[in-house]
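Participant: File upload.txt below, compact mmCIF, C-alpha atoms:
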```
# COMPACT_ATOMS: atom_id res chain seq x y z
CA MET A 14 -20.66 -28.26 -0.15
CA GLY A 15 -21.88 -24.79 0.82
CA ALA A 16 -23.14 -22.39 -1.86
CA ILE A 17 -20.89 -19.33 -1.90
CA HIS A 18 -22.07 -15.78 -2.67
CA HIS A 19 -19.48 -13.01 -3.15
CA ALA A 20 -21.88 -10.05 -3.36
CA ASP A 21 -24.71 -10.87 -1.00
CA HIS A 22 -25.77 -7.19 -0.81
CA GLY A 23 -25.59 -6.57 -4.54
CA TRP A 24 -23.21 -4.00 -6.03
CA VAL A 25 -22.83 -1.99 -2.78
CA THR A 26 -19.93 -3.86 -1.14
CA PRO A 27 -17.86 -4.27 -4.36
CA ALA A 28 -18.34 -0.60 -5.23
CA VAL A 29 -17.48 0.71 -1.75
CA SER A 30 -14.47 -1.61 -1.46
CA TYR A 31 -13.19 -0.43 -4.85
CA PHE A 32 -13.60 3.22 -3.80
CA VAL A 33 -11.65 2.61 -0.59
CA ALA A 34 -8.86 0.89 -2.55
CA CYS A 35 -8.65 3.87 -4.91
CA LEU A 36 -8.64 6.32 -1.99
CA GLY A 37 -5.80 4.47 -0.28
CA ALA A 38 -3.83 4.32 -3.54
CA PHE A 39 -4.31 8.04 -4.21
CA VAL A 40 -3.14 9.16 -0.77
CA ALA A 41 -0.26 6.67 -0.80
CA LEU A 42 0.99 7.87 -4.19
CA ARG A 43 0.90 11.50 -3.14
CA SER A 44 2.59 10.73 0.19
CA ALA A 45 5.26 8.59 -1.46
CA ARG A 46 6.01 11.37 -3.92
CA TRP A 47 6.60 13.84 -1.08
CA ALA A 48 8.71 11.23 0.73
CA LEU A 49 11.02 10.56 -2.21
CA VAL A 50 11.82 14.25 -2.70
CA SER A 51 12.37 14.82 1.04
CA THR A 52 15.29 14.03 3.31
CA GLY A 53 15.91 13.04 6.90
CA ARG A 54 13.02 12.72 9.31
CA SER A 55 10.59 14.23 6.82
CA ARG A 56 11.18 11.36 4.40
CA VAL A 57 10.61 8.77 7.14
CA ILE A 58 7.33 10.39 8.20
CA TRP A 59 5.99 10.59 4.64
CA LEU A 60 6.98 6.98 3.93
CA LEU A 61 5.24 5.82 7.11
CA PHE A 62 2.13 7.76 6.11
CA ALA A 63 2.23 6.27 2.59
CA SER A 64 2.66 2.76 4.01
CA THR A 65 -0.28 3.20 6.36
CA SER A 66 -2.43 4.64 3.58
CA LEU A 67 -1.82 1.89 1.05
CA GLY A 68 -1.76 -0.97 3.57
CA ALA A 69 -4.93 0.17 5.33
CA GLY A 70 -6.57 0.84 1.96
CA ILE A 71 -5.86 -2.70 0.75
CA TRP A 72 -7.01 -4.24 4.04
CA SER A 73 -10.17 -2.10 4.15
CA MET A 74 -10.97 -3.10 0.58
CA HIS A 75 -10.66 -6.77 1.60
CA PHE A 76 -12.75 -6.39 4.75
CA ILE A 77 -15.55 -4.37 3.13
CA ALA A 78 -15.72 -6.88 0.27
CA MET A 79 -16.00 -9.67 2.86
CA LEU A 80 -19.13 -8.00 4.25
CA GLY A 81 -20.83 -9.17 1.04
CA PHE A 82 -19.47 -12.72 1.34
CA SER A 83 -21.84 -15.42 2.53
CA VAL A 84 -22.36 -19.17 2.52
CA SER A 85 -25.94 -20.41 2.21
CA GLY A 86 -27.43 -21.66 5.45
CA VAL A 87 -24.60 -20.66 7.83
CA GLU A 88 -23.56 -17.62 9.85
CA ILE A 89 -20.00 -16.34 9.37
CA THR A 90 -18.07 -14.66 12.18
CA TYR A 91 -14.43 -13.57 12.48
CA GLN A 92 -11.62 -14.06 14.97
CA PRO A 93 -10.60 -10.56 16.15
CA GLY A 94 -6.93 -11.47 16.68
CA LEU A 95 -6.31 -12.78 13.18
CA THR A 96 -8.34 -9.94 11.65
CA VAL A 97 -6.21 -7.28 13.35
CA LEU A 98 -3.04 -9.24 12.53
CA SER A 99 -3.96 -9.20 8.83
CA LEU A 100 -4.22 -5.39 9.00
CA LEU A 101 -0.79 -5.09 10.65
CA VAL A 102 0.72 -7.43 8.05
CA ALA A 103 -0.70 -5.30 5.22
CA VAL A 104 0.75 -2.07 6.61
CA ALA A 105 4.11 -3.68 7.48
CA VAL A 106 4.77 -5.31 4.12
CA VAL A 107 3.78 -2.20 2.17
CA GLY A 108 6.15 -0.29 4.42
CA VAL A 109 8.98 -2.71 3.60
CA GLY A 110 8.40 -2.15 -0.12
CA LEU A 111 8.20 1.63 0.11
CA PHE A 112 11.24 1.96 2.36
CA THR A 113 13.18 -0.32 0.00
CA VAL A 114 12.58 1.88 -3.04
CA GLY A 115 12.83 5.02 -0.92
CA TYR A 116 16.30 4.37 0.49
CA TRP A 117 17.95 1.89 -1.88
CA ARG A 118 18.36 4.35 -4.72
CA ARG A 119 21.70 3.12 -6.10
CA ARG A 120 19.98 0.09 -7.68
CA PRO A 121 16.52 1.47 -8.54
CA VAL A 122 15.39 -1.41 -10.79
CA LEU A 123 16.58 -4.10 -8.37
CA SER A 124 15.02 -2.32 -5.41
CA LEU A 125 11.74 -2.05 -7.35
CA LEU A 126 11.71 -5.79 -8.11
CA ILE A 127 12.62 -6.81 -4.55
CA GLY A 128 10.17 -4.35 -3.02
CA GLY A 129 7.39 -5.45 -5.38
CA LEU A 130 7.98 -9.14 -4.69
CA THR A 131 8.11 -8.65 -0.91
CA THR A 132 5.05 -6.41 -0.86
CA GLY A 133 3.04 -8.64 -3.19
CA LEU A 134 3.71 -11.75 -1.12
CA GLY A 135 2.79 -9.82 2.02
CA VAL A 136 -0.47 -8.56 0.51
CA ALA A 137 -1.36 -12.13 -0.47
CA ALA A 138 -0.51 -13.25 3.09
CA MET A 139 -2.81 -10.51 4.42
CA HIS A 140 -5.65 -11.78 2.22
CA TYR A 141 -5.34 -15.40 3.29
CA LEU A 142 -4.86 -14.45 6.94
CA GLY A 143 -8.16 -12.59 6.66
CA MET A 144 -9.73 -15.70 5.17
CA ALA A 145 -8.28 -17.85 7.97
CA ALA A 146 -9.96 -15.50 10.46
CA MET A 147 -13.41 -16.65 9.29
CA VAL A 148 -15.31 -18.87 11.71
CA LEU A 149 -18.07 -21.05 10.24
CA PRO A 150 -19.34 -24.62 10.62
CA GLY A 151 -17.21 -26.15 7.90
CA HIS A 152 -13.80 -26.51 6.32
CA LEU A 153 -12.22 -24.12 3.82
CA GLY A 154 -10.57 -25.50 0.70
CA TYR A 155 -8.60 -23.75 -2.04
CA ASP A 156 -7.82 -24.42 -5.67
CA HIS A 157 -4.03 -24.19 -5.76
CA VAL A 158 -3.77 -22.92 -9.34
CA THR A 159 -6.16 -20.04 -8.62
CA VAL A 160 -4.35 -19.27 -5.37
CA TRP A 161 -1.02 -18.91 -7.18
CA LEU A 162 -2.74 -16.78 -9.81
CA SER A 163 -3.95 -14.43 -7.07
CA VAL A 164 -0.42 -14.29 -5.62
CA GLY A 165 0.94 -13.39 -9.07
CA ILE A 166 -1.64 -10.61 -9.39
CA ALA A 167 -0.67 -9.34 -5.93
CA VAL A 168 3.04 -9.19 -6.87
CA PHE A 169 2.22 -7.45 -10.16
CA ALA A 170 -0.06 -4.94 -8.42
CA ALA A 171 2.52 -4.23 -5.70
CA THR A 172 5.31 -3.71 -8.24
CA ALA A 173 3.08 -1.41 -10.29
CA ALA A 174 2.20 0.56 -7.16
CA LEU A 175 5.86 1.06 -6.24
CA TRP A 176 6.73 2.03 -9.82
CA ALA A 177 3.90 4.55 -9.77
CA ALA A 178 5.18 5.95 -6.47
CA LEU A 179 8.59 6.47 -8.08
CA ASN A 180 7.51 7.93 -11.40
CA ILE A 181 4.05 9.48 -11.37
CA ARG A 182 3.97 13.21 -10.65
CA GLY A 183 1.12 15.68 -10.51
CA THR A 184 -2.40 15.43 -9.13
CA LEU A 185 -4.02 14.56 -12.47
CA ALA A 186 -1.56 11.73 -13.09
CA VAL A 187 -2.18 10.32 -9.61
CA LEU A 188 -5.95 10.60 -10.13
CA ALA A 189 -5.54 8.52 -13.28
CA ALA A 190 -3.24 5.94 -11.66
CA ALA A 191 -5.25 5.38 -8.45
CA PRO A 192 -8.29 3.75 -10.18
CA VAL A 193 -5.96 1.41 -12.09
CA MET A 194 -4.32 0.36 -8.84
CA GLY A 195 -7.79 -0.09 -7.31
CA VAL A 196 -8.69 -2.49 -10.13
CA ALA A 197 -5.49 -4.48 -9.52
CA VAL A 198 -6.15 -4.77 -5.77
CA CYS A 199 -9.77 -5.85 -6.33
CA ALA A 200 -8.66 -8.35 -8.99
CA MET A 201 -6.28 -9.94 -6.50
CA HIS A 202 -9.02 -10.17 -3.87
CA TYR A 203 -11.73 -11.67 -6.04
CA THR A 204 -9.30 -14.07 -7.73
CA GLY A 205 -8.35 -15.34 -4.30
CA MET A 206 -12.02 -15.62 -3.37
CA ALA A 207 -12.68 -17.61 -6.55
CA ALA A 208 -10.20 -20.22 -5.29
CA LEU A 209 -12.31 -20.85 -2.16
CA SER A 210 -14.65 -23.73 -1.51
CA VAL A 211 -16.50 -24.57 1.72
CA GLN A 212 -17.28 -28.06 2.98
CA LEU A 213 -19.97 -27.73 5.65
CA ASP A 214 -19.52 -29.56 8.96
CA PHE A 215 -22.08 -28.53 11.60
CA SER A 216 -20.18 -30.37 14.31
CA ARG A 217 -17.52 -27.64 14.34
CA SER A 218 -17.78 -24.99 17.07
CA THR A 219 -18.30 -21.37 16.00
CA GLU A 220 -18.17 -19.72 19.44
CA SER A 221 -14.78 -18.00 19.03
CA GLY A 222 -15.82 -15.42 16.42
CA VAL A 223 -17.59 -12.06 16.42
CA MET A 224 -19.96 -10.65 13.81
CA ALA A 225 -18.43 -8.65 10.97
CA LEU A 226 -20.77 -5.74 11.70
CA GLN A 227 -19.03 -5.28 15.07
CA PHE A 228 -15.95 -4.12 13.15
CA ILE A 229 -17.89 -1.43 11.28
CA PHE A 230 -17.76 1.26 13.98
CA PRO A 231 -13.98 1.10 14.63
CA LEU A 232 -13.40 0.81 10.88
CA GLY A 233 -15.50 3.90 10.21
CA VAL A 234 -13.81 5.89 12.98
CA GLY A 235 -10.37 4.82 11.75
CA LEU A 236 -11.10 5.78 8.14
CA GLY A 237 -12.56 9.12 9.24
CA CYS A 238 -9.46 9.97 11.29
CA TYR A 239 -7.24 8.82 8.47
CA VAL A 240 -8.97 11.08 5.92
CA PHE A 241 -8.86 14.03 8.35
CA PHE A 242 -5.17 13.73 9.20
CA GLY A 243 -4.33 12.99 5.57
CA SER A 244 -6.04 16.18 4.46
CA LEU A 245 -4.25 18.09 7.22
CA ALA A 246 -0.88 16.69 6.18
CA PHE A 247 -1.37 17.72 2.56
CA ALA A 248 -2.65 21.15 3.63
CA VAL A 249 0.57 21.96 5.51
CA SER A 250 2.94 20.36 2.95
CA PRO A 251 4.89 22.48 0.43
CA SER A 252 3.01 23.52 -2.70
CA LYS A 253 5.25 21.88 -5.33
CA PRO A 254 7.52 18.84 -5.05
CA SER A 255 10.69 18.44 -7.06
CA THR A 256 10.24 17.17 -10.61
CA GLN A 257 13.54 15.24 -10.70
CA PRO A 258 12.96 11.69 -12.12
CA LEU A 259 13.46 9.18 -9.32
CA LEU A 260 14.01 5.93 -11.21
CA ALA A 261 17.15 7.21 -12.87
CA GLY A 262 19.24 6.69 -9.73
CA PRO A 263 21.14 9.25 -7.66
CA ALA A 264 22.07 12.54 -9.27
CA ALA A 265 25.65 13.18 -10.34
CA PRO A 266 27.71 14.97 -7.65
CA LEU A 267 28.39 18.66 -8.15
CA PRO A 268 31.98 19.66 -9.01
CA PRO A 269 34.02 20.79 -5.99
CA ARG A 270 34.19 24.48 -5.33
CA PRO A 271 37.61 26.15 -5.85
CA PRO A 272 39.44 26.94 -2.61
CA ARG A 273 38.73 30.34 -1.16
CA VAL A 274 41.66 32.78 -1.34
CA PRO A 275 42.00 35.22 1.59
CA PRO A 276 41.77 38.93 0.61
CA GLN A 277 45.38 39.68 1.66
CA GLN A 278 46.77 36.90 -0.53
CA ARG A 279 44.47 37.93 -3.41
CA ARG A 280 45.87 41.54 -3.24
CA SER A 281 49.43 40.32 -3.15
CA MET A 282 48.83 38.07 -6.15
CA THR A 283 47.24 40.97 -8.03
CA GLY A 284 50.17 43.26 -7.18
CA SER A 285 52.77 40.73 -8.32
CA GLY A 286 50.87 40.25 -11.58
CA ALA A 287 50.82 44.03 -12.14
CA ARG A 288 54.62 44.28 -11.53
CA ARG A 289 55.16 41.64 -14.21
```
Let me see the structure of the file written as structure tokens.
Facilitator:
Amino acid sequence: MGAIHHADHGWVTPAVSYFVACLGAFVALRSARWALVSTGRSRVIWLLFASTSLGAGIWSMHFIAMLGFSVSGVEITYQPGLTVLSLLVAVAVVGVGLFTVGYWRRRPVLSLLIGGLTTGLGVAAMHYLGMAAMVLPGHLGYDHVTVWLSVGIAVFAATAALWAALNIRGTLAVLAAAPVMGVAVCAMHYTGMAALSVQLDFSRSTESGVMALQFIFPLGVGLGCYVFFGSLAFAVSPSKPSTQPLLAGPAAPLPPRPPRVPPQQRRSMTGSGARR
């Protein structure tokens, strides 16, 4: 049995991963708010940006935290294909949840529950895909109770994130909500990691993986571009979104306008009224 360490570099990797999770949550909440008060193509673009922000934030939190993961006496590498697939899964499932609550407004509570369940299961799938991408001389085992606990936390965190996207307005409110969402994402990750055990087997080949540090440069470039374009998007967006509550369902339709009377008919009606 290999000895597992979750913070091999001390507090650095947990702190940085938590910051990235909070950053992704903050940008996603602001983007989702703009999306839900927009229409047409603008709504689609903002929802895509929010999905990318939250999905990439969750995945980046997972990957940075894994930089501090180690097993005594072995070298850990990662399969590039499964690692990239886990990122795409994270963005896709968050997108499914956000588009569900963004467009299925006639049943806001039901859409929130369905979107939260779908997104939470997808986030858990992203986490365990990332774990499956690890290459080391041994076999991975999981405690099933702890695994299901981590899935439950993921569903709760995803539902809370979608609820926040629907209801939280204002920069200060988002600044307060983003750290809470960061805690939920980190709790899901480290609960899932607590379920892991490693049975060493040095006869297994480890030639198919690459070092985690080889992902650092593209990850850094991607995060830098994301922050730049995110700042640019908010700089050119309108100054104030609508304050209409979004969880209350669609607004009541306005009463129909009275039919327009042509000027000639209006004069004739006025003249007949005067003759009476």
Participant: Check which residues of stretch 150-207 of chain A sit at most 9 Å from stretch 69-79 of chain A using all atoms listed in the file, and return one row each with the closest pair of atoms and their distance in Å to one decimal, ordered by chain and rising number, as a Markdown table.
Facilitator:
```
| residue | atom | partner | partner_atom | distance |
| --- | --- | --- | --- | --- |
| A:Gly195 | CA | A:Ile71 | CA | 8.7 |
| A:Val198 | CA | A:Ile71 | CA | 6.8 |
| A:Cys199 | CA | A:Met74 | CA | 7.5 |
| A:His202 | CA | A:His75 | CA | 6.6 |
| A:Tyr203 | CA | A:Ala78 | CA | 8.9 |
```
Participant: Go ahead and save the picked residues with C-alpha atoms, as an mmCIF file, in the coordinates of the input.
Facilitator:
```
data_model
loop_
_atom_site.group_PDB
_atom_site.id
_atom_site.type_symbol
_atom_site.label_atom_id
_atom_site.label_comp_id
_atom_site.auth_asym_id
_atom_site.auth_seq_id
_atom_site.Cartn_x
_atom_site.Cartn_y
_atom_site.Cartn_z
ATOM 1 C CA GLY A 195 -7.790 -0.090 -7.310
ATOM 2 C CA VAL A 198 -6.150 -4.770 -5.770
ATOM 3 C CA CYS A 199 -9.770 -5.850 -6.330
ATOM 4 C CA HIS A 202 -9.020 -10.170 -3.870
ATOM 5 C CA TYR A 203 -11.730 -11.670 -6.040
#
```
Participant: Atom CA of A:Ala38 to atom CA of A:Ala177: how many Å, to one decimal?
Facilitator: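 Those two atoms sit 9.9 Å apart.
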Participant: Which value, in Å to one decimal, gives the distance between atom CA of A:Tyr141 and atom CA of A:Val114?
Facilitator: 25.7 Å
Participant: List the spatial neighbours of A:Val160 as a list in words - criterion: any atom at most 12 Å away, all atoms listed in the file, same-chain residues fewer than 3 positions off excluded.
Facilitator: Leu134, Ala137, Ala138, His140, Tyr141, Gly154, Tyr155, Asp156, His157, Ser163, Val164, Gly165, Ile166, Ala167, Met201, His202, Tyr203, Thr204, Gly205, Met206, Ala207, Ala208, Leu209 and Ser210 of chain A
Participant: Quick one, how far is atom CA of A:Thr65 from atom CA of A:Tyr116?
Facilitator: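 The value is 17.6 Å.
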Participant: Find, counting all atoms listed in the file, the residue in A:Ile89, A:Met224, A:Ala191, A:Val40 that gets nearest to A:Ala145.
Facilitator: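 Nearest to A:Ala145: A:Ile89.
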Participant: Choose the residue, out of A:Ser66, A:Ser55, A:Thr184, A:Thr113, that has the smallest atom-to-atom separation from A:Ile127; count all atoms listed in the file.
Facilitator: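 Nearest to A:Ile127: A:Thr113.
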Participant: Out of A:Gln212, A:Thr96, A:Thr131, A:Thr172, which residue has the shortest atom-to-atom distance to A:Gly108 when counting all atoms listed in the file?
Facilitator: A:Thr131
